[in-house]
$ cat upload_33.cif   # mmCIF, C-alpha atoms
data_input
loop_
_atom_site.label_atom_id
_atom_site.label_comp_id
_atom_site.auth_asym_id
_atom_site.auth_seq_id
_atom_site.Cartn_x
_atom_site.Cartn_y
_atom_site.Cartn_z
CA MET E 348 72.40 88.22 73.61
CA SER E 349 69.41 86.67 75.40
CA THR E 350 70.81 83.19 74.71
CA LEU E 351 74.18 84.20 76.11
CA LEU E 352 72.56 85.58 79.27
CA TYR E 353 70.44 82.45 79.70
CA GLU E 354 73.41 80.12 79.29
CA GLY E 355 75.60 82.32 81.45
CA GLY E 356 72.86 82.30 84.11
CA ALA E 357 72.88 78.49 84.10
CA VAL E 358 76.64 78.47 84.70
CA LEU E 359 76.22 81.13 87.41
CA THR E 360 73.68 78.92 89.19
CA ARG E 361 76.09 75.97 89.00
CA GLN E 362 78.88 78.05 90.54
CA LEU E 363 76.66 79.24 93.39
CA GLN E 364 75.53 75.68 94.11
CA LYS E 365 79.17 74.60 94.08
CA ALA E 366 80.00 77.33 96.62
CA ARG E 367 77.08 76.24 98.80
CA HIS E 368 78.59 72.76 99.05
CA ALA E 369 81.93 74.20 100.22
CA PRO E 370 80.83 76.19 103.30
CA ALA E 371 84.31 76.26 104.87
CA LEU E 372 85.76 78.02 101.83
CA LEU E 373 82.81 80.40 101.72
CA VAL E 374 83.22 81.32 105.39
CA LEU E 375 86.96 81.85 104.87
CA THR E 376 86.43 84.23 101.96
CA GLN E 377 83.79 86.12 103.94
CA THR E 378 85.83 86.49 107.12
CA MET E 379 89.34 87.05 105.77
CA PRO E 380 88.77 90.75 104.84
CA VAL E 381 87.24 91.36 108.28
CA THR E 382 90.23 89.72 109.97
CA MET E 383 92.61 91.90 107.96
CA LEU E 384 90.60 94.99 108.87
CA LEU E 385 90.84 94.22 112.57
CA PHE E 386 94.55 93.44 112.33
CA PHE E 387 95.55 96.46 110.25
CA GLY E 388 93.12 98.79 112.00
CA TYR E 389 94.33 98.10 115.52
CA VAL E 390 97.97 97.12 114.94
CA PHE E 391 98.95 99.63 112.24
CA GLY E 392 96.43 102.18 113.45
CA SER E 393 98.08 102.39 116.83
CA ALA E 394 101.42 103.25 115.18
CA LEU E 395 100.19 105.79 112.61
CA ALA E 396 98.98 109.31 113.10
CA MET E 397 97.04 110.85 110.22
CA PRO E 398 96.18 114.50 110.76
CA GLY E 399 92.54 115.34 110.30
CA SER E 400 91.09 111.83 110.57
CA GLY E 401 91.74 108.36 111.91
CA TYR E 402 93.66 105.68 110.08
CA ARG E 403 90.62 103.39 110.02
CA ALA E 404 88.67 105.90 107.93
CA PHE E 405 91.51 105.65 105.43
CA LEU E 406 91.90 101.87 105.74
CA VAL E 407 88.34 100.62 105.22
CA PRO E 408 88.03 101.87 101.60
CA GLY E 409 91.48 100.43 100.90
CA LEU E 410 90.44 97.00 102.14
CA LEU E 411 87.24 97.23 100.12
CA ALA E 412 89.37 97.90 97.04
CA ALA E 413 91.73 95.03 97.92
CA THR E 414 88.72 92.73 98.27
CA ALA E 415 87.55 93.81 94.83
CA ALA E 416 91.02 93.16 93.42
CA ASN E 417 90.88 89.60 94.78
CA GLY E 418 88.61 88.82 91.85
CA LEU E 419 91.89 88.12 90.07
CA MET E 420 92.76 85.33 92.51
CA ALA E 421 89.20 83.97 92.63
CA GLY E 422 88.91 83.82 88.84
CA LEU E 423 92.37 82.29 88.59
CA PHE E 424 91.64 79.40 90.94
CA THR E 425 88.12 78.74 89.62
CA ALA E 426 89.22 78.56 85.99
CA ALA E 427 92.36 76.53 86.76
CA GLN E 428 90.43 74.08 88.93
CA ASP E 429 87.75 73.47 86.29
CA ALA E 430 90.37 73.14 83.55
CA HIS E 431 92.52 70.72 85.58
CA ARG E 432 89.55 68.51 86.51
CA GLY E 433 88.15 68.32 82.98
CA VAL E 434 85.05 70.43 83.65
CA THR E 435 86.10 73.01 81.06
CA ASP E 436 86.49 70.34 78.37
CA ARG E 437 83.03 68.98 79.12
CA PHE E 438 81.55 72.47 78.84
CA ARG E 439 83.29 72.93 75.49
CA THR E 440 81.45 69.90 74.06
CA LEU E 441 78.06 71.48 74.77
CA PRO E 442 76.20 73.53 72.13
CA MET E 443 76.50 76.83 73.97
CA SER E 444 78.17 80.20 73.56
CA ARG E 445 81.89 80.15 74.29
CA ALA E 446 81.47 83.30 76.39
CA ALA E 447 78.73 81.77 78.58
CA VAL E 448 81.02 79.79 80.90
CA PRO E 449 83.47 82.58 81.81
CA LEU E 450 80.52 85.00 82.04
CA GLY E 451 78.70 82.70 84.46
CA GLN E 452 81.83 82.16 86.54
CA THR E 453 82.61 85.86 86.85
CA GLY E 454 78.94 86.65 87.48
CA ALA E 455 78.78 84.15 90.35
CA ASP E 456 81.93 85.67 91.82
CA LEU E 457 80.26 89.07 91.65
CA VAL E 458 77.27 87.79 93.65
CA THR E 459 79.43 86.26 96.39
CA THR E 460 81.60 89.39 96.51
CA GLY E 461 78.56 91.60 97.02
CA ALA E 462 77.65 89.45 100.02
CA ALA E 463 81.25 89.53 101.33
CA LEU E 464 81.37 93.33 101.30
CA VAL E 465 78.45 93.60 103.75
CA PRO E 466 80.19 92.25 106.90
CA LEU E 467 83.36 94.17 106.03
CA MET E 468 81.44 97.43 105.81
CA LEU E 469 79.48 96.71 108.99
CA VAL E 470 82.67 96.02 110.96
CA GLY E 471 84.19 99.17 109.45
CA LEU E 472 81.24 101.20 110.65
CA ALA E 473 81.60 99.70 114.11
CA MET E 474 85.28 100.74 114.10
CA GLY E 475 84.45 104.35 113.31
CA TRP E 476 84.44 104.52 109.51
CA ARG E 477 81.63 106.65 108.11
CA ILE E 478 80.08 107.36 104.72
CA GLU E 479 79.96 111.13 104.82
CA THR E 480 78.33 111.64 101.41
CA GLY E 481 75.05 109.83 102.02
CA PRO E 482 73.34 107.09 99.95
CA ALA E 483 74.44 108.50 96.58
CA GLY E 484 78.10 108.31 97.54
CA ALA E 485 77.67 104.82 98.98
CA LEU E 486 75.99 103.53 95.82
CA GLY E 487 78.66 105.13 93.65
CA ALA E 488 81.43 103.52 95.69
CA LEU E 489 79.70 100.13 95.58
CA GLY E 490 79.32 100.41 91.81
CA VAL E 491 83.03 101.17 91.38
CA LEU E 492 83.98 98.21 93.60
CA LEU E 493 81.74 95.69 91.84
CA LEU E 494 82.80 96.86 88.38
CA PHE E 495 86.46 96.46 89.33
CA ARG E 496 85.80 93.04 90.86
CA PHE E 497 84.06 91.95 87.65
CA ALA E 498 87.01 93.17 85.58
CA THR E 499 89.67 91.49 87.73
CA ALA E 500 87.69 88.23 87.72
CA TRP E 501 87.97 88.18 83.92
CA VAL E 502 91.73 88.73 84.22
CA GLY E 503 91.95 85.83 86.66
CA THR E 504 89.80 83.61 84.45
CA TYR E 505 92.13 84.15 81.51
CA LEU E 506 95.22 83.45 83.62
CA GLY E 507 93.59 80.35 85.09
CA LEU E 508 92.78 78.97 81.65
CA LEU E 509 96.29 79.82 80.56
CA SER E 510 97.88 78.00 83.51
CA GLY E 511 95.73 74.90 83.16
CA SER E 512 96.70 73.43 86.55
CA GLU E 513 95.91 74.17 90.16
CA GLU E 514 99.60 74.03 91.10
CA ALA E 515 100.55 76.73 88.60
CA ALA E 516 97.55 78.80 89.67
CA GLY E 517 98.69 78.53 93.28
CA ARG E 518 102.15 79.85 92.45
CA LEU E 519 100.73 82.70 90.40
CA GLY E 520 98.17 83.48 93.09
CA GLY E 521 100.95 84.05 95.59
CA VAL E 522 102.33 86.79 93.35
CA THR E 523 98.95 88.51 92.90
CA PHE E 524 98.58 88.69 96.70
CA LEU E 525 101.33 91.33 96.71
CA LEU E 526 99.48 93.74 94.40
CA PRO E 527 97.51 95.54 97.15
CA MET E 528 100.77 96.02 99.05
CA LEU E 529 102.09 98.06 96.12
CA SER E 530 99.17 100.47 96.21
CA SER E 531 97.52 103.03 98.47
CA ALA E 532 95.13 100.42 99.90
CA TYR E 533 96.83 100.29 103.29
CA LEU E 534 99.15 103.30 103.45
CA PRO E 535 99.32 106.72 101.75
CA THR E 536 101.78 106.93 98.84
CA GLU E 537 103.18 110.38 99.68
CA GLY E 538 106.04 109.03 101.78
CA LEU E 539 107.22 106.42 99.28
CA PRO E 540 110.43 106.82 97.22
CA GLY E 541 109.88 108.44 93.82
CA TRP E 542 109.88 105.34 91.63
CA LEU E 543 107.87 103.26 94.10
CA ARG E 544 105.33 106.03 94.51
CA THR E 545 104.87 106.13 90.72
CA VAL E 546 104.31 102.36 90.61
CA ALA E 547 101.84 102.51 93.51
CA GLU E 548 99.85 105.42 92.09
CA TRP E 549 99.51 103.77 88.67
CA ASN E 550 98.39 100.54 90.30
CA PRO E 551 94.66 100.15 89.47
CA ILE E 552 93.97 99.23 93.09
CA SER E 553 95.16 102.69 94.16
CA ALA E 554 92.69 104.35 91.79
CA VAL E 555 89.82 102.22 93.10
CA ALA E 556 90.75 102.75 96.77
CA THR E 557 91.08 106.50 96.29
CA ALA E 558 87.81 106.62 94.32
CA VAL E 559 85.95 104.87 97.16
CA ARG E 560 87.48 107.28 99.68
CA GLU E 561 86.44 110.27 97.59
CA LEU E 562 82.92 108.96 96.97
CA CYS E 563 82.46 108.21 100.69
CA GLY E 564 83.98 111.50 101.84
CA ASN E 565 86.95 109.85 103.53
CA PRO E 566 90.60 111.07 103.52
CA VAL E 567 92.36 110.17 100.28
CA GLY E 568 95.91 110.92 101.49
CA GLY E 569 98.06 111.04 104.56
CA ALA E 570 97.19 114.67 105.20
CA GLY E 571 93.52 113.83 105.36
CA ALA E 572 92.67 116.08 102.42
CA GLY E 573 92.74 115.62 98.66
CA ALA E 574 95.41 114.06 96.50
CA ALA E 575 98.97 115.17 97.25
CA PRO E 576 100.71 117.56 94.83
CA GLY E 577 102.43 115.72 92.02
CA ALA E 578 100.19 112.67 92.26
CA ALA E 579 99.82 110.51 89.15
CA TRP E 580 96.73 111.06 87.00
CA PRO E 581 94.71 108.06 88.31
CA THR E 582 95.25 109.23 91.89
CA ALA E 583 94.49 112.86 91.10
CA HIS E 584 91.30 111.83 89.22
CA PRO E 585 90.41 108.63 91.07
CA VAL E 586 86.82 108.02 89.95
CA ALA E 587 87.67 108.48 86.28
CA GLY E 588 90.86 106.47 86.77
CA ALA E 589 89.02 103.56 88.42
CA LEU E 590 86.38 103.47 85.69
CA LEU E 591 88.96 103.65 82.92
CA TRP E 592 91.10 100.90 84.45
CA SER E 593 88.05 98.65 84.79
CA ALA E 594 86.93 99.35 81.23
CA LEU E 595 90.43 98.70 79.88
CA LEU E 596 90.73 95.38 81.72
CA LEU E 597 87.33 94.25 80.43
CA LEU E 598 88.14 95.38 76.89
CA VAL E 599 91.35 93.34 76.88
CA PHE E 600 90.54 90.26 78.92
CA VAL E 601 86.92 89.44 78.03
CA PRO E 602 87.88 88.52 74.44
CA LEU E 603 91.14 86.90 75.59
CA ALA E 604 89.39 84.68 78.16
CA THR E 605 86.61 83.79 75.72
CA ARG E 606 89.08 82.88 72.99
CA ARG E 607 91.20 80.86 75.40
CA PHE E 608 88.14 78.96 76.61
CA ALA E 609 87.15 78.19 73.02
CA ARG E 610 90.66 76.89 72.21
CA GLY E 611 90.97 74.78 75.36
CA THR E 612 93.85 74.69 77.80
CA GLY E 613 96.01 72.69 75.49
CA GLY E 614 95.74 75.13 72.59
#

$ encode --input "upload_33.cif" --output "structure tokens"
Amino acid sequence: MSTLLYEGGAVLTRQLQKARHAPALLVLTQTMPVTMLLFFGYVFGSALAMPGSGYRAFLVPGLLAATAANGLMAGLFTAAQDAHRGVTDRFRTLPMSRAAVPLGQTGADLVTTGAALVPLMLVGLAMGWRIETGPAGALGALGVLLLFRFATAWVGTYLGLLSGSEEAAGRLGGVTFLLPMLSSAYLPTEGLPGWLRTVAEWNPISAVATAVRELCGNPVGGAGAGAAPGAAWPTAHPVAGALLWSALLLLVFVPLATRRFARGTGG
């Protein structure tokens, strides 16, 4: 285990140095969630009325959850880029654990995500969002977000290794961008048609967004109170649902990504 952590730490350091040499991409990933918050908060917020609280108090946790879910896209592009450019094959020739490279890549993504959440939360606070439950609630929400980001990064890493090319990763990434739209990240699910509401409430992003709202004391539904009657289990029990979704994704995709890395993109 100590060897795995050491080797994974070396890959993590490489990834952070690589990000440092691409400042434009780093700035884009840091500012995009803030831009979306300003757009949704002032454009959608002016058209929506949510009894009991403002739309921005509902929106900020949803955007935090959507940012965590973007680990899928980040892992997808990182793994596909390294595979396409031969970096993955060079790593595979080294005498190191096969889990070290994906672990280092997902760990580096976790570090940069933690930094990206800070400006998003600060802008949210400036727009009127508040953490009503104090430091304990804030730490709990942050833990849920980072765990989900870590899990989705492993999913993306597996898909990136599976695609093997940046072009294929780009096409697949466009599809993953729609996932937050089919959740409660931006809008409550109560008003959706029956089948679409079921899909949205079983979307892992909905569980994470609702868990962050609950842990921060924000409205979890359109009525500004608790989950609506008839809500799916992950929405009715959001913290447990978010943790279970994250654990399930890690249980499935950590071994899949590790095995795929060991086989190579051509296997």

$ residues_around --input "upload_33.cif" --residues "segment 448-464 of chain E" --least-positions-apart "3" --cutoff "6 Å" --atoms "all atoms listed in the file" --output "VMD selection string"
chain E and resid 355 to 356 358 to 359 377 467 500

$ atom_distance --input "upload_33.cif" --atom1 "atom CA of Gly388 of chain E" --atom2 "atom CA of Gly490 of chain E"
24.5 Å

$ axis_aligned_box --input "upload_33.cif" --around "segment 595-607 of chain E" --padding-each-side "4 Å" --output "AutoDock Vina command-line options"
--center_x 89.0 --center_y 89.8 --center_z 77.4 --size_x 12.7 --size_y 25.8 --size_z 16.7

$ closest_residue --input "upload_33.cif" --among "E:Leu363, E:Val390, E:Ala404, E:Leu590" --to "Phe497 of chain E" --atoms "all atoms listed in the file"
E:Leu590

$ closest_residue --input "upload_33.cif" --among "E:Val522, E:Ala447, E:Val470, E:Val491" --to "Glu354 of chain E" --atoms "only C-alpha atoms"
E:Ala447

$ atom_distance --input "upload_33.cif" --atom1 "atom CA of Gly418 of chain E" --atom2 "atom CA of Thr499 of chain E"
5.0 Å

$ atom_distance --input "upload_33.cif" --atom1 "atom CA of Ala554 of chain E" --atom2 "atom CA of Val502 of chain E"
17.4 Å

$ resolve_selection --input "upload_33.cif" --expression "the PyMOL selection byres ((chain E and resi 515) around 12)" --output "ChimeraX atom specification"
/E:423-424,426-428,430-431,506-514,516-522

$ residues_around --input "upload_33.cif" --residues "segment 595-605 of chain E" --least-positions-apart "4" --cutoff "7 Å" --atoms "all atoms listed in the file" --output "VMD selection string"
chain E and resid 445 to 446 449 498 501 to 502 504 to 505 591 609

$ write_last_selection --input "upload_33.cif" --atoms "C-alpha atoms" --output "mmCIF file, keeping the file's coordinate frame"
data_model
loop_
_atom_site.group_PDB
_atom_site.id
_atom_site.type_symbol
_atom_site.label_atom_id
_atom_site.label_comp_id
_atom_site.auth_asym_id
_atom_site.auth_seq_id
_atom_site.Cartn_x
_atom_site.Cartn_y
_atom_site.Cartn_z
ATOM 1 C CA ARG E 445 81.890 80.150 74.290
ATOM 2 C CA ALA E 446 81.470 83.300 76.390
ATOM 3 C CA PRO E 449 83.470 82.580 81.810
ATOM 4 C CA ALA E 498 87.010 93.170 85.580
ATOM 5 C CA TRP E 501 87.970 88.180 83.920
ATOM 6 C CA VAL E 502 91.730 88.730 84.220
ATOM 7 C CA THR E 504 89.800 83.610 84.450
ATOM 8 C CA TYR E 505 92.130 84.150 81.510
ATOM 9 C CA LEU E 591 88.960 103.650 82.920
ATOM 10 C CA ALA E 609 87.150 78.190 73.020
#

$ residues_around --input "upload_33.cif" --residues "segment 542-548 of chain E" --least-positions-apart "4" --cutoff "12 Å" --atoms "all atoms listed in the file" --output "number ranges by chain"
E: 525-538, 552-557, 568, 574-575, 577-585, 588-589

$ closest_residue --input "upload_33.cif" --among "E:Cys563, E:Leu410, E:Ala473, E:Leu352" --to "Leu486 of chain E" --atoms "only C-alpha atoms"
E:Cys563

$ closest_residue --input "upload_33.cif" --among "E:Thr425, E:Thr414, E:Ser444, E:Thr480" --to "Arg606 of chain E" --atoms "only C-alpha atoms"
E:Ser444

$ closest_residue --input "upload_33.cif" --among "E:Leu406, E:Gly503, E:Met379, E:Pro482" --to "Gly422 of chain E" --atoms "only C-alpha atoms"
E:Gly503

$ closest_residue --input "upload_33.cif" --among "E:Val407, E:Leu562, E:Ala412, E:Leu384" --to "Leu493 of chain E" --atoms "all atoms listed in the file"
E:Ala412

$ resolve_selection --input "upload_33.cif" --expression "the PyMOL selection byres ((chain E and resi 477) around 10)" --output "JSON, numbers by chain"
{"E": [403, 404, 407, 468, 471, 472, 473, 474, 475, 476, 478, 479, 480, 481, 563, 564, 565]}
